[in-house]
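What follows is the content of start_23.cif, which has mmCIF, C-alpha atoms; chains and numbers go by the auth columns:
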```cif
data_final
loop_
_atom_site.group_PDB
_atom_site.id
_atom_site.type_symbol
_atom_site.label_atom_id
_atom_site.label_comp_id
_atom_site.label_asym_id
_atom_site.label_seq_id
_atom_site.Cartn_x
_atom_site.Cartn_y
_atom_site.Cartn_z
_atom_site.B_iso_or_equiv
_atom_site.auth_seq_id
_atom_site.auth_asym_id
ATOM 1 C CA MET A 1 53.226 12.221 -27.600 0.00 1 D
ATOM 2 C CA HIS A 2 51.277 10.096 -30.034 0.00 2 D
ATOM 3 C CA ILE A 3 52.434 10.724 -33.619 0.00 3 D
ATOM 4 C CA ILE A 4 49.898 10.480 -36.423 0.00 4 D
ATOM 5 C CA SER A 5 51.027 8.998 -38.713 0.00 5 D
ATOM 6 C CA LYS A 6 54.293 7.093 -38.662 0.00 6 D
ATOM 7 C CA LYS A 7 53.441 5.804 -42.129 0.00 7 D
ATOM 8 C CA ALA A 8 54.072 9.253 -43.638 0.00 8 D
ATOM 9 C CA VAL A 9 57.509 9.426 -42.031 0.00 9 D
ATOM 10 C CA VAL A 10 58.460 5.893 -43.096 0.00 10 D
ATOM 11 C CA GLU A 11 57.286 6.447 -46.666 0.00 11 D
ATOM 12 C CA PHE A 12 59.337 9.623 -46.848 0.00 12 D
ATOM 13 C CA TRP A 13 62.557 8.029 -45.641 0.00 13 D
ATOM 14 C CA GLN A 14 62.021 5.078 -47.972 0.00 14 D
ATOM 15 C CA SER A 15 62.262 7.480 -50.900 0.00 15 D
ATOM 16 C CA HIS A 16 64.857 9.764 -49.239 0.00 16 D
ATOM 17 C CA ALA A 17 67.313 7.388 -47.563 0.00 17 D
ATOM 18 C CA ASP A 18 69.470 10.213 -46.197 0.00 18 D
ATOM 19 C CA ALA A 19 66.511 11.367 -44.085 0.00 19 D
ATOM 20 C CA GLU A 20 66.004 8.015 -42.337 0.00 20 D
ATOM 21 C CA GLY A 21 68.400 8.532 -39.419 0.00 21 D
ATOM 22 C CA PRO A 22 67.323 12.107 -38.631 0.00 22 D
ATOM 23 C CA LEU A 23 63.618 11.231 -38.940 0.00 23 D
ATOM 24 C CA LYS A 24 64.000 8.203 -36.683 0.00 24 D
ATOM 25 C CA ALA A 25 65.774 10.383 -34.112 0.00 25 D
ATOM 26 C CA TRP A 26 62.997 12.998 -34.296 0.00 26 D
ATOM 27 C CA TYR A 27 60.285 10.326 -34.059 0.00 27 D
ATOM 28 C CA ASP A 28 61.904 8.564 -31.089 0.00 28 D
ATOM 29 C CA HIS A 29 62.361 11.847 -29.237 0.00 29 D
ATOM 30 C CA VAL A 30 58.827 13.114 -29.821 0.00 30 D
ATOM 31 C CA LYS A 31 57.301 9.778 -28.750 0.00 31 D
ATOM 32 C CA ARG A 32 58.947 10.199 -25.330 0.00 32 D
ATOM 33 C CA VAL A 33 58.072 13.844 -24.610 0.00 33 D
ATOM 34 C CA HIS A 34 54.966 15.283 -22.975 0.00 34 D
ATOM 35 C CA TRP A 35 54.661 18.772 -24.384 0.00 35 D
ATOM 36 C CA GLN A 36 51.997 20.872 -22.690 0.00 36 D
ATOM 37 C CA THR A 37 52.593 24.201 -24.463 0.00 37 D
ATOM 38 C CA PRO A 38 54.520 25.635 -27.417 0.00 38 D
ATOM 39 C CA ALA A 39 57.158 26.749 -24.902 0.00 39 D
ATOM 40 C CA ASP A 40 57.892 23.073 -24.203 0.00 40 D
ATOM 41 C CA VAL A 41 58.545 22.478 -27.902 0.00 41 D
ATOM 42 C CA GLN A 42 60.790 25.555 -27.986 0.00 42 D
ATOM 43 C CA LYS A 43 62.861 24.213 -25.096 0.00 43 D
ATOM 44 C CA ASP A 44 63.628 21.101 -27.154 0.00 44 D
ATOM 45 C CA TYR A 45 64.000 22.582 -30.634 0.00 45 D
ATOM 46 C CA GLY A 46 64.297 26.368 -30.478 0.00 46 D
ATOM 47 C CA ALA A 47 62.007 29.353 -30.706 0.00 47 D
ATOM 48 C CA ASP A 48 61.918 29.822 -34.469 0.00 48 D
ATOM 49 C CA LEU A 49 59.866 26.749 -35.265 0.00 49 D
ATOM 50 C CA ILE A 50 56.523 27.657 -33.701 0.00 50 D
ATOM 51 C CA LEU A 51 53.770 28.589 -36.157 0.00 51 D
ATOM 52 C CA PRO A 52 50.171 29.774 -35.623 0.00 52 D
ATOM 53 C CA ASP A 53 47.373 27.309 -34.821 0.00 53 D
ATOM 54 C CA ASN A 54 49.586 24.976 -32.753 0.00 54 D
ATOM 55 C CA ARG A 55 51.768 24.144 -35.730 0.00 55 D
ATOM 56 C CA ALA A 56 55.510 23.670 -35.686 0.00 56 D
ATOM 57 C CA VAL A 57 58.164 23.159 -38.334 0.00 57 D
ATOM 58 C CA PHE A 58 61.202 20.983 -37.730 0.00 58 D
ATOM 59 C CA ASN A 59 64.407 21.086 -39.734 0.00 59 D
ATOM 60 C CA ILE A 60 65.483 17.598 -40.695 0.00 60 D
ATOM 61 C CA LYS A 61 68.997 16.691 -41.812 0.00 61 D
ATOM 62 C CA GLY A 62 70.540 20.107 -41.466 0.00 62 D
ATOM 63 C CA ASN A 63 67.538 21.913 -42.961 0.00 63 D
ATOM 64 C CA ARG A 64 67.571 19.807 -46.134 0.00 64 D
ATOM 65 C CA TYR A 65 64.050 18.649 -45.297 0.00 65 D
ATOM 66 C CA ARG A 66 61.181 20.227 -43.396 0.00 66 D
ATOM 67 C CA LEU A 67 58.549 18.528 -41.285 0.00 67 D
ATOM 68 C CA VAL A 68 55.395 20.460 -40.377 0.00 68 D
ATOM 69 C CA VAL A 69 53.118 19.191 -37.627 0.00 69 D
ATOM 70 C CA ARG A 70 50.030 20.310 -35.777 0.00 70 D
ATOM 71 C CA ILE A 71 50.119 19.595 -32.069 0.00 71 D
ATOM 72 C CA ASN A 72 47.104 18.875 -29.902 0.00 72 D
ATOM 73 C CA TYR A 73 48.581 19.413 -26.457 0.00 73 D
ATOM 74 C CA ALA A 74 45.493 18.248 -24.542 0.00 74 D
ATOM 75 C CA ALA A 75 45.329 14.963 -26.471 0.00 75 D
ATOM 76 C CA GLN A 76 49.134 14.596 -26.521 0.00 76 D
ATOM 77 C CA SER A 77 49.031 14.099 -30.295 0.00 77 D
ATOM 78 C CA VAL A 78 51.268 15.290 -33.109 0.00 78 D
ATOM 79 C CA TYR A 79 49.690 15.269 -36.568 0.00 79 D
ATOM 80 C CA ILE A 80 52.082 15.261 -39.510 0.00 80 D
ATOM 81 C CA ARG A 81 50.852 17.834 -42.013 0.00 81 D
ATOM 82 C CA PHE A 82 53.799 18.028 -44.430 0.00 82 D
ATOM 83 C CA ILE A 83 57.191 16.494 -45.020 0.00 83 D
ATOM 84 C CA GLY A 84 59.379 17.413 -47.941 0.00 84 D
ATOM 85 C CA SER A 85 62.435 19.195 -49.193 0.00 85 D
ATOM 86 C CA HIS A 86 63.167 22.761 -48.202 0.00 86 D
ATOM 87 C CA ALA A 87 62.267 23.827 -51.760 0.00 87 D
ATOM 88 C CA GLU A 88 58.919 22.000 -51.551 0.00 88 D
ATOM 89 C CA TYR A 89 58.279 23.599 -48.161 0.00 89 D
ATOM 90 C CA ASP A 90 58.762 27.024 -49.711 0.00 90 D
ATOM 91 C CA GLN A 91 55.868 26.250 -52.103 0.00 91 D
ATOM 92 C CA VAL A 92 53.237 25.407 -49.446 0.00 92 D
ATOM 93 C CA ASN A 93 51.235 27.601 -47.111 0.00 93 D
ATOM 94 C CA VAL A 94 52.065 25.986 -43.783 0.00 94 D
ATOM 95 C CA THR A 95 49.247 27.815 -42.014 0.00 95 D
ATOM 96 C CA LYS A 96 46.696 26.074 -44.275 0.00 96 D
ATOM 97 C CA ILE A 97 47.998 22.505 -44.480 0.00 97 D
#
```

Would you mind writing the structure in this file as structure tokens?
Amino acid sequence: MHIISKKAVVEFWQSHADAEGPLKAWYDHVKRVHWQTPADVQKDYGADLILPDNRAVFNIKGNRYRLVVRINYAAQSVYIRFIGSHAEYDQVNVTKI
């Protein structure tokens, strides 16, 4: 998958050092996969992370942080829509971002 944009992930871990290792692991894994459907994402990360409109939420660092993406399966692209603390995640409408 092509991840758009790595800059958002790097900027986040630069200000949240404890997220660097887990975000790098997520990034490295997602770069190597070829998801074709939401079921493919579920096989890797579990069923509870799939959202409407080809969005998915990933728990980072034991659910301390949340990463929301929109996946274009045909283009093999993952668009980062949100990354923040669990408390910040609770304040956004993930179906609109």

Quick one: residues within 10 Å of D:Val94, all atoms listed in the file counted, chain neighbours fewer than 4 positions away excluded, as a PyMOL selection string? chain D and resi 51-52+55-57+68-69+81-82+89-90

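Run against this file, the PyMOL selection byres ((chain D and resi 38) around 10) gives back Trp35, Gln36, Thr37, Ala39, Asp40, Val41, Gln42, Lys43, Ala47, Leu49, Ile50, Leu51, Asn54, Arg55, Ala56, Ile71 and Tyr73 of chain D.
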
Best match for closeness to D:Ala8 among D:Leu23, D:Ile80, D:Val33, D:Ala74, counting only C-alpha atoms: D:Ile80

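One distance worth recording is that between atom CA of D:Tyr45 and atom CA of D:Leu67, which is 12.6 Å.
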
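The space separating atom CA of D:Ser5 from atom CA of D:Gly46 comes to 23.4 Å.
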
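With all atoms listed in the file as the basis for measurement, D:Ile3 is the residue among D:Ile3, D:Val10, D:Ala75, D:Ala17 that approaches D:Lys31 most closely.
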
List, as a PyMOL selection string, every residue that the PyMOL selection byres ((chain D and resi 84) around 9) selects in the file provided. chain D and resi 12+64-67+82-83+85-89

Missing atoms in stretch 35-47 of chain D should be modelled up to N, CA and C atoms and reported as a tab-separated table (two decimals), keeping the file's coordinate frame.
```tsv
chain	number	residue	atom	x	y	z
D	35	TRP	N	54.79	17.33	-24.23
D	35	TRP	CA	54.66	18.77	-24.38
D	35	TRP	C	53.27	19.22	-23.92
D	36	GLN	N	53.25	20.30	-23.15
D	36	GLN	CA	52.00	20.87	-22.69
D	36	GLN	C	51.69	22.22	-23.36
D	37	THR	N	52.74	22.88	-23.85
D	37	THR	CA	52.59	24.20	-24.46
D	37	THR	C	53.64	24.36	-25.56
D	38	PRO	N	53.48	25.37	-26.43
D	38	PRO	CA	54.52	25.64	-27.42
D	38	PRO	C	55.88	25.92	-26.78
D	39	ALA	N	55.88	26.48	-25.59
D	39	ALA	CA	57.16	26.75	-24.90
D	39	ALA	C	57.93	25.46	-24.64
D	40	ASP	N	57.23	24.36	-24.40
D	40	ASP	CA	57.89	23.07	-24.20
D	40	ASP	C	58.59	22.62	-25.48
D	41	VAL	N	57.94	22.83	-26.61
D	41	VAL	CA	58.54	22.48	-27.90
D	41	VAL	C	59.78	23.35	-28.12
D	42	GLN	N	59.67	24.63	-27.81
D	42	GLN	CA	60.79	25.56	-27.99
D	42	GLN	C	61.99	25.16	-27.13
D	43	LYS	N	61.76	24.65	-25.95
D	43	LYS	CA	62.86	24.21	-25.10
D	43	LYS	C	63.66	23.09	-25.76
D	44	ASP	N	62.96	22.23	-26.49
D	44	ASP	CA	63.63	21.10	-27.15
D	44	ASP	C	64.24	21.47	-28.50
D	45	TYR	N	63.59	22.36	-29.25
D	45	TYR	CA	64.00	22.58	-30.63
D	45	TYR	C	64.27	24.03	-31.01
D	46	GLY	N	64.02	24.98	-30.15
D	46	GLY	CA	64.30	26.37	-30.48
D	46	GLY	C	63.03	27.16	-30.76
D	47	ALA	N	63.17	28.46	-30.65
D	47	ALA	CA	62.01	29.35	-30.71
D	47	ALA	C	61.50	29.61	-32.11
```
